[in-house]
Amino acid sequence: MKSLTYLTASLLLIGVSVQSQAASIYAGKAKAAAVCAQCHSIRSKSAEAPFPPLAGRDEEYLETALKQYRDKTRVSEIMNNIAGSLSDRDINDIASYYNRLEP
Amino acid sequence: MIIKTILKKSILAASMAVLFSSASAYANADADDKQKMHQLYQDNCASCHGADHGGYIAPALNSETLKGRSPTALRSLIMTGSFETLMPPFYGRLSDSEIRDMVKHLQSTPQLDNPPWTIKDMKASLKVYVKDESKLPNKPTFKIDSMDDIIGVAARGKYGRGQGSEAVFINSKTHKIIGKVPTVTAAHIIDFDPANERWAYVKTDTAEIYKVDLYTMQAVRSIKTGLNGPGMGVSRDGKYIMAGSFVPHNAVILDAETLEPLKLFELEGIDPDGKMVSSDSGMIIGTPYADIFAIALENAGQVWIVDLEKGFPVTKIKNVGRHLHDAFLTHKGKKLMVASYDDSTVIAIDLEERKIIKKLKAGCVPHVGGGAAVKVDGRTLGFGTNFGTCEKTVVSVWDLDKMKLIKQIPVSGGTESPAAHANAPYVAVDIITKDRRARTIQLIDKKSLEVVKTLDVGGHAYFPEYSADGKYLYISAGYAGDEVVVYDSVSLRKKANIQMESPAGIFSRGRVKYMTRGLSPDEME
């Protein structure tokens with residue numbers, strides 16, 4: 001019973017946190033297709049590509065990494081340029097979309 | 001005095017030797033670099049941009065076409081790839097110095113003049129993977145109701161080569177992958193043997209042909225028929241294959257069983273403007289009506305008919321049109337509808353009489369793909385898609401009995417390939433205009449001849465194909481979409497997603513029954 005309350009509470013918390021970010025996986029899908037998929041693909045990684053796959057990766061990790069690339073605290077000629085074009089909202093949406101995809 | 005002269009001479013000789021050796025070392029290093037860059041180009045670029053730098057499914061890259069282009073812009077294009085196209089990002093695959101050197105190489109290399117690939121080269125390239133085909137099992141090693149249910153997908157692989165390049169075969173009733181046959185470079189065309197259900201032939205963009213045993217889902221033999229080019233046809237008796245190349249300008253007839261080359265044809269002729277030209281090979285087609293192949297000579301604007309008898313004699317039909325490309329058959333295979341890019345016409349040819357019947361108006365830059373023909377209210381209607389993005393984008397509909405244009409249906413963009421099936425209500429066309437529209441397929445109602453629905457498939461959606469029973473519509477969500485999406489052909493509800501790398505052409509084995517998609521699978525029309 002106690003654990004159930006705890007579960008409900010944490011579910012509520014997640015609900016709140018998702019809502020506060022208001023991430024849209026639909027917007028994320030469109031952005032990912034336009035910005036990321038060229039190199040990282042959508043679901044499965046190209047056998048030959050040197051780029052890491054993103055589907056199913058931790059949402060917070062993806063957000064942090066993209067923001068670091070955007071702020072150039074993490075250096076990559078190509079990613080600094082690409083992430084530089086993304087807003088906070090875009091980053092939330094993209095991270096949320098890739099996180100929910102099954103690899 | 002004498003000593004002095006000798007001394008002088010020897011000094012001269014010595015200094016000359018130094019001069020020459022340094023000059024030739026310089027020249028060698030230069031040649032080595034050129035050779036290295038040539039190889040790098042062949043290994044990474046040539047499968048799409050042409051082994052001769054003259055362009056193929058992607059633009060020509062040579063000193064003429066890249067004149068005045070910013071090297072920095074070219075470098076970043078190579079690094080990031082080009083969105084909305086098949087051009088992949090080479091960042092991390094080629095080093096920065098290789099990319100810079102490649103830009104220099106491309107901007108200083110003229111288009112190569114028809115590099116050779118001879119019948120001797122072909123013979124030397126023949127590979128045998130299964131020595132004794134008679135020991136192969138004599139029925140499918142997997143469960144399937146009918147071999148016609150097999151759908152083959154040409155998966156290009158992200159880089160047009162490598163592990164992702166393969167022919168993927170799917171059971172179109174269960175939507176499950178039955179087998180994958182690796183093709184090293186991008187698979188482009190899959191043809192099925194009309195006479196023996198076990199064989200399929202896969203051609204790549206680098207002109208290799210794989211003979212595939214569908215019962216065991218493996219390649220048994222392969223041969224390299226040229227440097228680039230998708231053209232391939234199988235004769236009605238399954239005994240011969242004809243393959244044609246963009247680079248070099250030739251075509252070859254192979255023994256379908258062994259893939260041994262039998263006869264080479266150099267492709268050249270007088271074009272409709274009276275000029276003698278060397279020509280790319282366009283479509284090649286076998287027909288159920290006779291033992292012949294028809295081949296379109298793209299630049300020469302001619303269609304050649306080759307009789308499959310001793311010596312393989314050729315009948316040339318001239319002045320067909322400017323820049324011919326693809327075609328489809330009608331009237332039991334006796335009539336051929338050939339697309340001419342530059343005249344924006346589709347030309348009806350009588351294969352029996354071996355002459356032009358009529359030049360029909362088509363949309364802008366017609367690309368008929370595999371073509372489609374349907375019987376509606378007693379009329380046989382042909383559907384023609386168009387590559388070009390012009391002011392008005394239409395799909396042309398012709399009455400194939402009267403050989404007359406009856407309607408141009410407005411669609412949302414350029415189109416590349418129509419799909420139809422006798423048992424399905426819609427003709428599907430792929431919108432290829434390079435923006436968000438490229439994600440979509442439009443469906444034309446066979447009866448009203450209007451667009452009634454647009455499907456958002458994702459990726460670069462192209463090459464629709466119906467399953468042999470007409471119940472399902474298969475579509476490649478190509479480029480970064482990386483999946484084939486399957487719809488119910490009536491409700492248009494999504495049924496399955498099948499993952500693969502950069503899928504392109506989709507080919508149902510049912511095609512051998514109905515010749516042209518949309519015609520009856522039960523009787524040859």
# chains A, B, ... in the order shown; residues from 1 in each chain; ligands from 1
>>> interface_residues(of="chain A", to="chain B", cutoff="12 Å", atoms="only C-alpha atoms", output="MDAnalysis selection string")
chainID A and resid 29:52 76:79 81:82 102:103
>>> residues_around(residues="Ala207 of chain B", least_positions_apart="3", cutoff="12 Å", atoms="only C-alpha atoms", output="JSON, numbers by chain")
{"B": [46, 47, 48, 50, 51, 56, 117, 122, 125, 183, 184, 185, 186, 187, 188, 189, 201, 202, 203, 204, 210, 222, 223, 224, 225, 226, 227, 228, 229, 230, 231, 232, 242, 243, 244, 245, 246, 247, 248, 250, 251, 252, 281]}
>>> atom_distance(atom1="atom CA of Phe312 of chain B", atom2="atom CA of Glu352 of chain B")
16.8 Å
>>> residues_around(residues="segment 330-334 of chain B", least_positions_apart="4", cutoff="8 Å", atoms="only C-alpha atoms", output="ChimeraX atom specification")
/B:287-289,350-352,373,400,515-516,524-525
>>> atom_distance(atom1="atom CA of Asp435 of chain B", atom2="atom CA of Ala461 of chain B")
11.5 Å
>>> residues_around(residues="segment 292-305 of chain B", least_positions_apart="4", cutoff="6 Å", atoms="only C-alpha atoms", output="JSON, numbers by chain")
{"B": [269, 270, 271, 277, 279, 280, 281, 282, 283, 284, 285, 286, 314, 315, 316, 317, 318, 319, 320, 321, 322, 323, 324, 325]}
>>> write_last_selection(atoms="N, CA, C and O atoms", output="CSV table (one decimal), in the first residue's frame")
chain,number,residue,atom,x,y,z
B,269,GLY,N,24.5,6.1,-81.9
B,269,GLY,CA,23.5,6.2,-83.0
B,269,GLY,C,23.3,7.7,-83.3
B,269,GLY,O,23.7,8.6,-82.6
B,270,ILE,N,22.5,7.9,-84.4
B,270,ILE,CA,22.2,9.3,-84.7
B,270,ILE,C,21.0,9.7,-84.0
B,270,ILE,O,19.9,9.1,-84.0
B,271,ASP,N,21.1,10.8,-83.2
B,271,ASP,CA,20.0,11.3,-82.4
B,271,ASP,C,19.0,12.1,-83.2
B,271,ASP,O,19.2,12.3,-84.4
B,277,VAL,N,25.9,10.2,-81.7
B,277,VAL,CA,26.3,10.3,-80.3
B,277,VAL,C,26.5,8.9,-79.7
B,277,VAL,O,25.9,7.9,-80.1
B,279,SER,N,25.9,6.7,-76.4
B,279,SER,CA,24.7,6.8,-75.6
B,279,SER,C,24.7,6.0,-74.3
B,279,SER,O,25.1,4.8,-74.3
B,280,ASP,N,24.1,6.5,-73.2
B,280,ASP,CA,23.8,5.7,-72.0
B,280,ASP,C,22.7,4.7,-72.4
B,280,ASP,O,21.9,4.9,-73.3
B,281,SER,N,22.7,3.6,-71.6
B,281,SER,CA,21.6,2.7,-71.8
B,281,SER,C,20.4,3.1,-70.9
B,281,SER,O,20.6,3.4,-69.7
B,282,GLY,N,19.2,3.2,-71.4
B,282,GLY,CA,18.0,3.4,-70.6
B,282,GLY,C,17.4,2.1,-70.2
B,282,GLY,O,18.1,1.1,-70.0
B,283,MET,N,16.1,2.0,-70.2
B,283,MET,CA,15.4,0.8,-69.8
B,283,MET,C,15.7,-0.3,-70.8
B,283,MET,O,15.9,-0.2,-71.9
B,284,ILE,N,15.7,-1.5,-70.2
B,284,ILE,CA,15.8,-2.8,-71.0
B,284,ILE,C,14.6,-3.6,-70.5
B,284,ILE,O,14.4,-3.7,-69.3
B,285,ILE,N,13.9,-4.2,-71.5
B,285,ILE,CA,12.7,-5.0,-71.1
B,285,ILE,C,12.5,-6.2,-71.9
B,285,ILE,O,12.8,-6.2,-73.1
B,286,GLY,N,12.2,-7.3,-71.3
B,286,GLY,CA,11.8,-8.5,-72.0
B,286,GLY,C,10.3,-8.5,-72.1
B,286,GLY,O,9.7,-7.8,-71.3
B,314,VAL,N,19.8,-6.9,-84.5
B,314,VAL,CA,19.2,-5.7,-83.9
B,314,VAL,C,18.4,-4.9,-85.0
B,314,VAL,O,18.8,-4.7,-86.1
B,315,THR,N,17.2,-4.6,-84.6
B,315,THR,CA,16.4,-3.6,-85.4
B,315,THR,C,16.3,-2.3,-84.7
B,315,THR,O,16.0,-2.2,-83.5
B,316,LYS,N,16.7,-1.2,-85.4
B,316,LYS,CA,16.8,0.1,-84.7
B,316,LYS,C,15.6,0.9,-85.1
B,316,LYS,O,15.4,1.2,-86.3
B,317,ILE,N,14.9,1.4,-84.1
B,317,ILE,CA,13.8,2.4,-84.3
B,317,ILE,C,14.4,3.8,-84.0
B,317,ILE,O,14.8,4.0,-82.8
B,318,LYS,N,14.5,4.6,-85.0
B,318,LYS,CA,15.2,5.9,-84.8
B,318,LYS,C,14.2,7.0,-84.5
B,318,LYS,O,13.0,6.9,-84.7
B,319,ASN,N,14.7,8.2,-84.1
B,319,ASN,CA,13.9,9.4,-83.8
B,319,ASN,C,12.8,9.2,-82.9
B,319,ASN,O,11.7,9.7,-83.1
B,320,VAL,N,13.0,8.4,-81.9
B,320,VAL,CA,11.9,8.1,-80.9
B,320,VAL,C,11.6,9.4,-80.1
B,320,VAL,O,10.5,9.8,-79.9
B,321,GLY,N,12.7,10.0,-79.5
B,321,GLY,CA,12.6,11.2,-78.7
B,321,GLY,C,13.9,11.6,-78.2
B,321,GLY,O,14.9,10.8,-78.3
B,322,ARG,N,13.9,12.8,-77.6
B,322,ARG,CA,15.2,13.3,-77.0
B,322,ARG,C,15.3,12.8,-75.5
B,322,ARG,O,14.4,13.1,-74.7
B,323,HIS,N,16.4,12.2,-75.2
B,323,HIS,CA,16.7,11.7,-73.9
B,323,HIS,C,15.6,10.7,-73.4
B,323,HIS,O,14.7,11.1,-72.6
B,324,LEU,N,15.7,9.5,-73.9
B,324,LEU,CA,14.7,8.5,-73.5
B,324,LEU,C,15.1,7.9,-72.1
B,324,LEU,O,16.3,8.0,-71.7
B,325,HIS,N,14.1,7.4,-71.4
B,325,HIS,CA,14.6,6.8,-70.1
B,325,HIS,C,13.9,5.4,-69.9
B,325,HIS,O,14.4,4.4,-70.2
>>> residues_around(residues="Asp52 of chain B", least_positions_apart="6", cutoff="8 Å", atoms="only C-alpha atoms", output="ChimeraX atom specification")
/B:46,111-115,247
>>> atom_distance(atom1="atom CA of Lys359 of chain B", atom2="atom CA of Gly413 of chain B")
24.0 Å
